[in-house]
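Q: Quick one: this structure, given as C-alpha cells, is what I'll be asking you about.
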Amino acid sequence: MNTIGFSVDTFHQEFIPLDVVKRAMKAAYEVGIEQIYTITQNLGPENINNLFNEQNKKIAEEISKEFEFCQVINSELQVRGRAVTQLSKYFSMTTIPSDKCLIFKLPMFMIDPNGWVFHQLCHGICIGNAKENSLSEIIGEFNYRKHPIIGKIVSKGGPQNLLEIAIEKGYKPQNGYADKCHLCYSVRNFLRPFYPNILQPSNIYS
Ligand code: SF4
C-alpha cells in the first residue's frame with residue numbers, strides 16, 4: 001500500500017470525530033505511507049457558498065495547517081450512500097442521467113477493513129475479497145470492462161444499463177435522480193441480492 005486517503009468534510013465529521021482522523025493520518029505518516037491525502041466533498045462547486053462548504057473550508061484549512069505532508073483534495077459531492085437519503089433534496093432532479101462513469105480508467109485499488117477490494121474510489125462494487133484471495137490474484141485477474149457491474153457502468157448509457165437490468169427484476173424507477181451516481185447507487189441497492197459477492201459491503205447500502 002503506498003497511498004491512503006481520508007474523507008474529511010462536514011458530512012463525515014458528523015459521525016467520525018476529526019481527532020480520530022488526525023490520529024490515523026499521523027500513524028500513516030509514521031509508518032511511511034508515501035501519499036497521504038484528504039478528500040473533501042462539497043455541495044456543488046467548492047466556491048459556492050453554503051453552510052456545508054463554509055464548514056468544509058474550515059476543516060480543510062485546519063488539516064492543511066497541521067499536516068504539511070498531506071494533499072488536500074476538493075471534489076463535488078456525488079449522491080450515493082447515505083447522501084441519497086440525506087442530501088438529494090438539495091439537488092434538482094434530472095429524469096434519467098445517461099452519462100457513463102469515467103472513474104475506472106486509472107488502475108487504482110482500494111481495500112476496506114473486511115478485505116473487500118474495490119477498483120477506484122467507489123465503495124460498494126467489489127472485485128474480490130483479500131481474505132479469500134491474494135490482492136495480486138484479484139488485481140491480476142481483473143478486467144474492468146468484463147466485470148458484471150463495472151462493465152455496464154463504463155459502457156455507453158452508463159448506470160442506465162444497470163437500470164434496465166433492475167427493471168427486468170422488478171425495480172420501479174424514481175421520477176428523477178440527482179446525478180448518475182444517485183441512479184447508480186439506487187439501482188445497485190436494489191440489485192444487491194442478485195450480486196451478493198459484488199455489491200458489498202452491506203454497511204454502505206441501506
Ligand atoms: S456511483 Fe456509479 S456512476 Fe458514480 S462514481 Fe460510483 S460507479 Fe461511477
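Convention: chains lettered A, B, ... in C-alpha cells order; per-chain residue numbering from 1; ligands numbered from 1 as shown.
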What do you get as a list in words if you pick all residues at most 8 Å from ligand 1, counting only C-alpha atoms and all ligand atoms?

A: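 So the residues close to ligand 1 are Gln78, Val79, Arg80, Lys100, Cys101, Leu102, Ile103, Phe104, Leu121, Cys122, His123, Ile125, Ile150, Ile153, Val154, Gly158, Pro159, Lys180, Cys181, His182, Leu183, Cys184 and Tyr185 of chain A.
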
Q: Based on the selection just made, write N, CA, C and O atoms of those residues as a short mmCIF file (atom, residue, chain, number, x, y, z; two decimals), in the first residue's frame.

A:
```
data_model
loop_
_atom_site.label_atom_id
_atom_site.label_comp_id
_atom_site.auth_asym_id
_atom_site.auth_seq_id
_atom_site.Cartn_x
_atom_site.Cartn_y
_atom_site.Cartn_z
N GLN A 78 -21.00 13.53 -4.76
CA GLN A 78 -21.80 12.65 -5.62
C GLN A 78 -22.84 11.99 -4.74
O GLN A 78 -22.54 11.58 -3.62
N VAL A 79 -24.03 11.91 -5.25
CA VAL A 79 -25.14 11.45 -4.41
C VAL A 79 -25.17 9.92 -4.39
O VAL A 79 -25.74 9.27 -5.25
N ARG A 80 -24.51 9.36 -3.40
CA ARG A 80 -24.52 7.92 -3.22
C ARG A 80 -24.38 7.63 -1.72
O ARG A 80 -24.02 8.52 -0.95
N LYS A 100 -21.91 8.01 -18.93
CA LYS A 100 -21.20 6.85 -18.40
C LYS A 100 -20.19 7.28 -17.33
O LYS A 100 -19.81 8.44 -17.27
N CYS A 101 -19.78 6.31 -16.54
CA CYS A 101 -18.86 6.61 -15.44
C CYS A 101 -17.43 6.52 -15.96
O CYS A 101 -17.06 5.53 -16.60
N LEU A 102 -16.63 7.55 -15.65
CA LEU A 102 -15.27 7.59 -16.20
C LEU A 102 -14.20 7.28 -15.16
O LEU A 102 -13.01 7.28 -15.48
N ILE A 103 -14.62 6.99 -13.93
CA ILE A 103 -13.57 6.89 -12.88
C ILE A 103 -12.73 5.63 -12.97
O ILE A 103 -11.72 5.53 -12.32
N PHE A 104 -13.14 4.64 -13.76
CA PHE A 104 -12.45 3.35 -13.70
C PHE A 104 -11.24 3.23 -14.62
O PHE A 104 -10.63 2.18 -14.72
N LEU A 121 -12.34 4.68 -6.48
CA LEU A 121 -12.78 5.19 -5.19
C LEU A 121 -14.26 5.01 -4.93
O LEU A 121 -14.82 5.67 -4.09
N CYS A 122 -14.89 4.12 -5.66
CA CYS A 122 -16.32 3.96 -5.43
C CYS A 122 -16.56 2.69 -4.61
O CYS A 122 -16.44 1.59 -5.13
N HIS A 123 -16.90 2.89 -3.34
CA HIS A 123 -17.21 1.74 -2.49
C HIS A 123 -18.45 1.04 -3.01
O HIS A 123 -19.31 1.66 -3.60
N ILE A 125 -18.75 -1.68 -5.03
CA ILE A 125 -18.66 -2.56 -6.21
C ILE A 125 -17.34 -3.32 -6.07
O ILE A 125 -16.27 -2.79 -6.37
N ILE A 150 -19.27 -3.17 -13.23
CA ILE A 150 -18.46 -2.04 -13.74
C ILE A 150 -18.53 -1.99 -15.27
O ILE A 150 -18.66 -0.91 -15.86
N ILE A 153 -21.45 0.01 -16.26
CA ILE A 153 -21.43 1.43 -15.90
C ILE A 153 -20.49 2.23 -16.81
O ILE A 153 -20.71 3.41 -17.06
N VAL A 154 -19.43 1.56 -17.31
CA VAL A 154 -18.47 2.30 -18.14
C VAL A 154 -18.86 2.27 -19.62
O VAL A 154 -18.23 2.92 -20.44
N GLY A 158 -24.05 4.34 -19.41
CA GLY A 158 -23.66 4.38 -18.00
C GLY A 158 -24.58 3.57 -17.10
O GLY A 158 -25.08 2.50 -17.48
N PRO A 159 -24.85 4.09 -15.90
CA PRO A 159 -25.69 3.36 -14.94
C PRO A 159 -27.09 3.04 -15.48
O PRO A 159 -27.78 2.18 -14.94
N LYS A 180 -25.82 10.90 -11.95
CA LYS A 180 -25.65 9.49 -12.37
C LYS A 180 -25.32 8.58 -11.17
O LYS A 180 -25.70 7.42 -11.13
N CYS A 181 -24.63 9.14 -10.17
CA CYS A 181 -24.29 8.33 -9.00
C CYS A 181 -25.54 7.98 -8.20
O CYS A 181 -25.63 6.87 -7.65
N HIS A 182 -26.45 8.91 -8.13
CA HIS A 182 -27.70 8.64 -7.41
C HIS A 182 -28.44 7.48 -8.09
O HIS A 182 -28.90 6.54 -7.43
N LEU A 183 -28.50 7.54 -9.41
CA LEU A 183 -29.14 6.45 -10.16
C LEU A 183 -28.38 5.14 -9.93
O LEU A 183 -28.96 4.10 -9.60
N CYS A 184 -27.06 5.20 -10.08
CA CYS A 184 -26.21 4.01 -9.96
C CYS A 184 -26.38 3.37 -8.58
O CYS A 184 -26.60 2.16 -8.46
N TYR A 185 -26.31 4.21 -7.55
CA TYR A 185 -26.40 3.68 -6.19
C TYR A 185 -27.79 3.08 -5.92
O TYR A 185 -27.90 1.99 -5.35
#
```

Q: Write out as a PDB file with all heavy atoms, in the first residue's frame the residues lying within 8 Å of stretch 68-74 of chain A, counting only C-alpha atoms and excluding same-chain residues fewer than 3 positions away.

A:
```pdb
ATOM      1  N   GLN A  35       1.942   8.537  -0.019  1.00  0.00           N
ATOM      2  CA  GLN A  35       0.999   9.610  -0.353  1.00  0.00           C
ATOM      3  C   GLN A  35      -0.162   9.581   0.619  1.00  0.00           C
ATOM      4  O   GLN A  35      -0.837   8.557   0.767  1.00  0.00           O
ATOM      5  CB  GLN A  35       0.434   9.383  -1.739  1.00  0.00           C
ATOM      6  CG  GLN A  35       1.292   9.959  -2.825  1.00  0.00           C
ATOM      7  CD  GLN A  35       0.529   9.952  -4.134  1.00  0.00           C
ATOM      8  OE1 GLN A  35      -0.060   8.931  -4.486  1.00  0.00           O
ATOM      9  NE2 GLN A  35       0.524  11.053  -4.827  1.00  0.00           N
ATOM     10  N   ILE A  36      -0.362  10.701   1.273  1.00  0.00           N
ATOM     11  CA  ILE A  36      -1.475  10.791   2.222  1.00  0.00           C
ATOM     12  C   ILE A  36      -2.321  11.974   1.769  1.00  0.00           C
ATOM     13  O   ILE A  36      -1.803  13.080   1.570  1.00  0.00           O
ATOM     14  CB  ILE A  36      -0.955  11.007   3.657  1.00  0.00           C
ATOM     15  CG1 ILE A  36      -0.073   9.813   4.051  1.00  0.00           C
ATOM     16  CG2 ILE A  36      -2.111  11.180   4.640  1.00  0.00           C
ATOM     17  CD1 ILE A  36       0.679   9.977   5.344  1.00  0.00           C
ATOM     18  N   TYR A  37      -3.576  11.736   1.538  1.00  0.00           N
ATOM     19  CA  TYR A  37      -4.414  12.849   1.094  1.00  0.00           C
ATOM     20  C   TYR A  37      -5.745  12.835   1.827  1.00  0.00           C
ATOM     21  O   TYR A  37      -6.162  11.824   2.394  1.00  0.00           O
ATOM     22  CB  TYR A  37      -4.627  12.802  -0.423  1.00  0.00           C
ATOM     23  CG  TYR A  37      -5.469  11.644  -0.916  1.00  0.00           C
ATOM     24  CD1 TYR A  37      -6.855  11.752  -0.998  1.00  0.00           C
ATOM     25  CD2 TYR A  37      -4.877  10.441  -1.287  1.00  0.00           C
ATOM     26  CE1 TYR A  37      -7.621  10.680  -1.433  1.00  0.00           C
ATOM     27  CE2 TYR A  37      -5.630   9.370  -1.723  1.00  0.00           C
ATOM     28  CZ  TYR A  37      -7.005   9.504  -1.801  1.00  0.00           C
ATOM     29  OH  TYR A  37      -7.766   8.445  -2.222  1.00  0.00           O
ATOM     30  N   THR A  38      -6.375  13.996   1.847  1.00  0.00           N
ATOM     31  CA  THR A  38      -7.753  14.058   2.339  1.00  0.00           C
ATOM     32  C   THR A  38      -8.622  14.461   1.163  1.00  0.00           C
ATOM     33  O   THR A  38      -8.173  15.163   0.253  1.00  0.00           O
ATOM     34  CB  THR A  38      -7.934  15.096   3.463  1.00  0.00           C
ATOM     35  OG1 THR A  38      -7.525  16.367   2.989  1.00  0.00           O
ATOM     36  CG2 THR A  38      -7.159  14.716   4.699  1.00  0.00           C
ATOM     37  N   ILE A  39      -9.838  14.010   1.175  1.00  0.00           N
ATOM     38  CA  ILE A  39     -10.761  14.421   0.129  1.00  0.00           C
ATOM     39  C   ILE A  39     -11.995  15.019   0.795  1.00  0.00           C
ATOM     40  O   ILE A  39     -12.558  14.440   1.720  1.00  0.00           O
ATOM     41  CB  ILE A  39     -11.073  13.267  -0.842  1.00  0.00           C
ATOM     42  CG1 ILE A  39     -11.925  13.751  -1.993  1.00  0.00           C
ATOM     43  CG2 ILE A  39     -11.704  12.078  -0.177  1.00  0.00           C
ATOM     44  CD1 ILE A  39     -11.679  13.011  -3.281  1.00  0.00           C
ATOM     45  N   THR A  40     -12.337  16.204   0.340  1.00  0.00           N
ATOM     46  CA  THR A  40     -13.465  16.943   0.909  1.00  0.00           C
ATOM     47  C   THR A  40     -14.550  17.049  -0.146  1.00  0.00           C
ATOM     48  O   THR A  40     -14.303  17.505  -1.258  1.00  0.00           O
ATOM     49  CB  THR A  40     -13.006  18.366   1.308  1.00  0.00           C
ATOM     50  OG1 THR A  40     -11.995  18.245   2.295  1.00  0.00           O
ATOM     51  CG2 THR A  40     -14.153  19.191   1.861  1.00  0.00           C
ATOM     52  N   GLN A  41     -15.718  16.588   0.199  1.00  0.00           N
ATOM     53  CA  GLN A  41     -16.825  16.666  -0.768  1.00  0.00           C
ATOM     54  C   GLN A  41     -17.657  17.904  -0.469  1.00  0.00           C
ATOM     55  O   GLN A  41     -18.104  18.119   0.653  1.00  0.00           O
ATOM     56  CB  GLN A  41     -17.696  15.418  -0.640  1.00  0.00           C
ATOM     57  CG  GLN A  41     -16.889  14.174  -0.899  1.00  0.00           C
ATOM     58  CD  GLN A  41     -17.675  13.117  -1.642  1.00  0.00           C
ATOM     59  OE1 GLN A  41     -18.694  13.384  -2.269  1.00  0.00           O
ATOM     60  NE2 GLN A  41     -17.208  11.904  -1.570  1.00  0.00           N
ATOM     61  N   ASN A  42     -17.823  18.717  -1.489  1.00  0.00           N
ATOM     62  CA  ASN A  42     -18.598  19.948  -1.341  1.00  0.00           C
ATOM     63  C   ASN A  42     -19.959  19.810  -1.994  1.00  0.00           C
ATOM     64  O   ASN A  42     -20.110  19.073  -2.980  1.00  0.00           O
ATOM     65  CB  ASN A  42     -17.841  21.112  -1.992  1.00  0.00           C
ATOM     66  CG  ASN A  42     -16.565  21.412  -1.237  1.00  0.00           C
ATOM     67  OD1 ASN A  42     -16.603  21.865  -0.103  1.00  0.00           O
ATOM     68  ND2 ASN A  42     -15.424  21.133  -1.858  1.00  0.00           N
ATOM     69  N   GLU A  46     -16.836  24.024  -5.053  1.00  0.00           N
ATOM     70  CA  GLU A  46     -16.361  24.469  -3.741  1.00  0.00           C
ATOM     71  C   GLU A  46     -16.485  25.974  -3.535  1.00  0.00           C
ATOM     72  O   GLU A  46     -16.539  26.454  -2.403  1.00  0.00           O
ATOM     73  CB  GLU A  46     -14.909  24.037  -3.502  1.00  0.00           C
ATOM     74  CG  GLU A  46     -13.929  24.630  -4.481  1.00  0.00           C
ATOM     75  CD  GLU A  46     -12.491  24.256  -4.149  1.00  0.00           C
ATOM     76  OE1 GLU A  46     -12.052  24.576  -3.047  1.00  0.00           O
ATOM     77  OE2 GLU A  46     -11.823  23.678  -5.016  1.00  0.00           O
ATOM     78  N   ALA A  60     -10.749  21.858   6.105  1.00  0.00           N
ATOM     79  CA  ALA A  60      -9.609  21.673   5.184  1.00  0.00           C
ATOM     80  C   ALA A  60      -8.445  22.563   5.601  1.00  0.00           C
ATOM     81  O   ALA A  60      -7.272  22.153   5.546  1.00  0.00           O
ATOM     82  CB  ALA A  60     -10.046  21.969   3.756  1.00  0.00           C
ATOM     83  N   ILE A  63      -6.648  21.028   8.562  1.00  0.00           N
ATOM     84  CA  ILE A  63      -5.825  19.886   8.150  1.00  0.00           C
ATOM     85  C   ILE A  63      -4.546  20.369   7.462  1.00  0.00           C
ATOM     86  O   ILE A  63      -3.440  19.921   7.771  1.00  0.00           O
ATOM     87  CB  ILE A  63      -6.629  18.945   7.212  1.00  0.00           C
ATOM     88  CG1 ILE A  63      -7.778  18.284   7.967  1.00  0.00           C
ATOM     89  CG2 ILE A  63      -5.733  17.908   6.542  1.00  0.00           C
ATOM     90  CD1 ILE A  63      -7.368  17.243   8.993  1.00  0.00           C
ATOM     91  N   SER A  64      -4.706  21.324   6.528  1.00  0.00           N
ATOM     92  CA  SER A  64      -3.515  21.823   5.802  1.00  0.00           C
ATOM     93  C   SER A  64      -2.501  22.408   6.772  1.00  0.00           C
ATOM     94  O   SER A  64      -1.294  22.239   6.609  1.00  0.00           O
ATOM     95  CB  SER A  64      -3.882  22.927   4.818  1.00  0.00           C
ATOM     96  OG  SER A  64      -4.817  22.495   3.935  1.00  0.00           O
ATOM     97  N   LYS A  65      -3.003  23.129   7.768  1.00  0.00           N
ATOM     98  CA  LYS A  65      -2.099  23.772   8.721  1.00  0.00           C
ATOM     99  C   LYS A  65      -1.327  22.730   9.541  1.00  0.00           C
ATOM    100  O   LYS A  65      -0.136  22.838   9.753  1.00  0.00           O
ATOM    101  CB  LYS A  65      -2.932  24.641   9.667  1.00  0.00           C
ATOM    102  CG  LYS A  65      -2.285  26.007   9.934  1.00  0.00           C
ATOM    103  CD  LYS A  65      -3.012  26.750  10.989  1.00  0.00           C
ATOM    104  CE  LYS A  65      -3.843  27.870  10.377  1.00  0.00           C
ATOM    105  NZ  LYS A  65      -4.708  28.495  11.384  1.00  0.00           N
TER     106      LYS A  65
END
```

Q: What are the DSSP strand (DSSP E) residues of chain A, as a VMD selection string?

A: chain A and resid 3 to 7 35 to 42 71 to 76 109 to 111 116 to 119 126 to 129

Q: Can I get the selected residues back with N, CA, C and O atoms, as a tab-separated table (two decimals), in the first residue's frame?

A:
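Full text of again33.tsv as output:
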```tsv
chain	number	residue	atom	x	y	z
A	3	THR	N	-0.61	4.50	-0.82
A	3	THR	CA	-1.44	5.70	-0.74
A	3	THR	C	-2.55	5.47	0.27
A	3	THR	O	-3.10	4.37	0.33
A	4	ILE	N	-2.88	6.51	0.99
A	4	ILE	CA	-4.07	6.39	1.85
A	4	ILE	C	-4.84	7.71	1.81
A	4	ILE	O	-4.24	8.79	1.79
A	5	GLY	N	-6.14	7.60	1.69
A	5	GLY	CA	-6.97	8.80	1.61
A	5	GLY	C	-7.97	8.81	2.75
A	5	GLY	O	-8.47	7.76	3.17
A	6	PHE	N	-8.25	9.98	3.24
A	6	PHE	CA	-9.22	10.13	4.32
A	6	PHE	C	-10.32	11.10	3.87
A	6	PHE	O	-10.01	12.18	3.36
A	7	SER	N	-11.54	10.70	4.07
A	7	SER	CA	-12.64	11.63	3.80
A	7	SER	C	-12.72	12.60	4.97
A	7	SER	O	-12.82	12.17	6.12
A	35	GLN	N	1.94	8.54	-0.02
A	35	GLN	CA	1.00	9.61	-0.35
A	35	GLN	C	-0.16	9.58	0.62
A	35	GLN	O	-0.84	8.56	0.77
A	36	ILE	N	-0.36	10.70	1.27
A	36	ILE	CA	-1.47	10.79	2.22
A	36	ILE	C	-2.32	11.97	1.77
A	36	ILE	O	-1.80	13.08	1.57
A	37	TYR	N	-3.58	11.74	1.54
A	37	TYR	CA	-4.41	12.85	1.09
A	37	TYR	C	-5.74	12.84	1.83
A	37	TYR	O	-6.16	11.82	2.39
A	38	THR	N	-6.37	14.00	1.85
A	38	THR	CA	-7.75	14.06	2.34
A	38	THR	C	-8.62	14.46	1.16
A	38	THR	O	-8.17	15.16	0.25
A	39	ILE	N	-9.84	14.01	1.18
A	39	ILE	CA	-10.76	14.42	0.13
A	39	ILE	C	-12.00	15.02	0.80
A	39	ILE	O	-12.56	14.44	1.72
A	40	THR	N	-12.34	16.20	0.34
A	40	THR	CA	-13.46	16.94	0.91
A	40	THR	C	-14.55	17.05	-0.15
A	40	THR	O	-14.30	17.50	-1.26
A	41	GLN	N	-15.72	16.59	0.20
A	41	GLN	CA	-16.83	16.67	-0.77
A	41	GLN	C	-17.66	17.90	-0.47
A	41	GLN	O	-18.10	18.12	0.65
A	42	ASN	N	-17.82	18.72	-1.49
A	42	ASN	CA	-18.60	19.95	-1.34
A	42	ASN	C	-19.96	19.81	-1.99
A	42	ASN	O	-20.11	19.07	-2.98
A	71	GLN	N	-1.93	16.05	1.06
A	71	GLN	CA	-2.52	16.74	-0.10
A	71	GLN	C	-4.02	16.87	0.17
A	71	GLN	O	-4.69	15.87	0.49
A	72	VAL	N	-4.53	18.08	0.07
A	72	VAL	CA	-5.96	18.29	0.37
A	72	VAL	C	-6.72	18.42	-0.96
A	72	VAL	O	-6.46	19.32	-1.75
A	73	ILE	N	-7.61	17.50	-1.20
A	73	ILE	CA	-8.34	17.47	-2.49
A	73	ILE	C	-9.80	17.86	-2.24
A	73	ILE	O	-10.43	17.38	-1.31
A	74	ASN	N	-10.31	18.71	-3.12
A	74	ASN	CA	-11.73	19.08	-3.05
A	74	ASN	C	-12.47	18.43	-4.20
A	74	ASN	O	-11.96	18.37	-5.31
A	75	SER	N	-13.66	17.95	-3.95
A	75	SER	CA	-14.44	17.41	-5.07
A	75	SER	C	-15.91	17.76	-4.84
A	75	SER	O	-16.30	18.17	-3.75
A	76	GLU	N	-16.68	17.59	-5.89
A	76	GLU	CA	-18.11	17.84	-5.76
A	76	GLU	C	-18.81	16.59	-5.26
A	76	GLU	O	-18.50	15.49	-5.75
A	109	PHE	N	-6.61	0.84	-6.69
A	109	PHE	CA	-7.42	-0.13	-5.96
A	109	PHE	C	-7.50	0.26	-4.49
A	109	PHE	O	-6.59	0.88	-3.95
A	110	MET	N	-8.58	-0.13	-3.90
A	110	MET	CA	-8.84	0.26	-2.52
A	110	MET	C	-9.29	-0.99	-1.77
A	110	MET	O	-9.96	-1.85	-2.35
A	111	ILE	N	-8.92	-1.07	-0.52
A	111	ILE	CA	-9.31	-2.25	0.27
A	111	ILE	C	-9.96	-1.75	1.56
A	111	ILE	O	-9.51	-0.77	2.14
A	116	TRP	N	-12.73	-6.40	1.47
A	116	TRP	CA	-13.33	-6.15	0.16
A	116	TRP	C	-12.42	-5.23	-0.65
A	116	TRP	O	-11.93	-4.23	-0.13
A	117	VAL	N	-12.24	-5.59	-1.90
A	117	VAL	CA	-11.35	-4.81	-2.77
A	117	VAL	C	-12.19	-4.11	-3.83
A	117	VAL	O	-13.08	-4.72	-4.44
A	118	PHE	N	-11.92	-2.83	-4.01
A	118	PHE	CA	-12.66	-2.03	-4.99
A	118	PHE	C	-11.68	-1.47	-6.00
A	118	PHE	O	-10.54	-1.16	-5.66
A	119	HIS	N	-12.16	-1.29	-7.20
A	119	HIS	CA	-11.36	-0.59	-8.20
A	119	HIS	C	-11.78	0.86	-8.12
A	119	HIS	O	-12.97	1.17	-8.18
A	126	CYS	N	-17.44	-4.55	-5.59
A	126	CYS	CA	-16.21	-5.29	-5.26
A	126	CYS	C	-15.66	-6.06	-6.44
A	126	CYS	O	-16.41	-6.51	-7.31
A	127	ILE	N	-14.34	-6.22	-6.41
A	127	ILE	CA	-13.72	-7.07	-7.43
A	127	ILE	C	-13.13	-8.32	-6.77
A	127	ILE	O	-12.53	-9.14	-7.43
A	128	GLY	N	-13.31	-8.47	-5.48
A	128	GLY	CA	-12.84	-9.66	-4.78
A	128	GLY	C	-12.70	-9.36	-3.30
A	128	GLY	O	-12.98	-8.24	-2.87
A	129	ASN	N	-12.28	-10.38	-2.56
A	129	ASN	CA	-12.06	-10.17	-1.13
A	129	ASN	C	-10.68	-10.73	-0.76
A	129	ASN	O	-10.38	-11.90	-1.01
```

Q: Please run DSSP on the backbone and report, as number ranges by chain, all residues within stretch 22-202 of chain A that come out as alpha helix (DSSP H).

A: A: 22-30, 51-66, 82-87, 135-141, 150-153, 160-168, 180-191

Q: Check the smallest atom-to-atom distance from each of A:Ser88, A:Gly170, A:Lys156, A:Gly81 to A:Asn189 using only C-alpha atoms, then report the winner.

A: A:Gly81
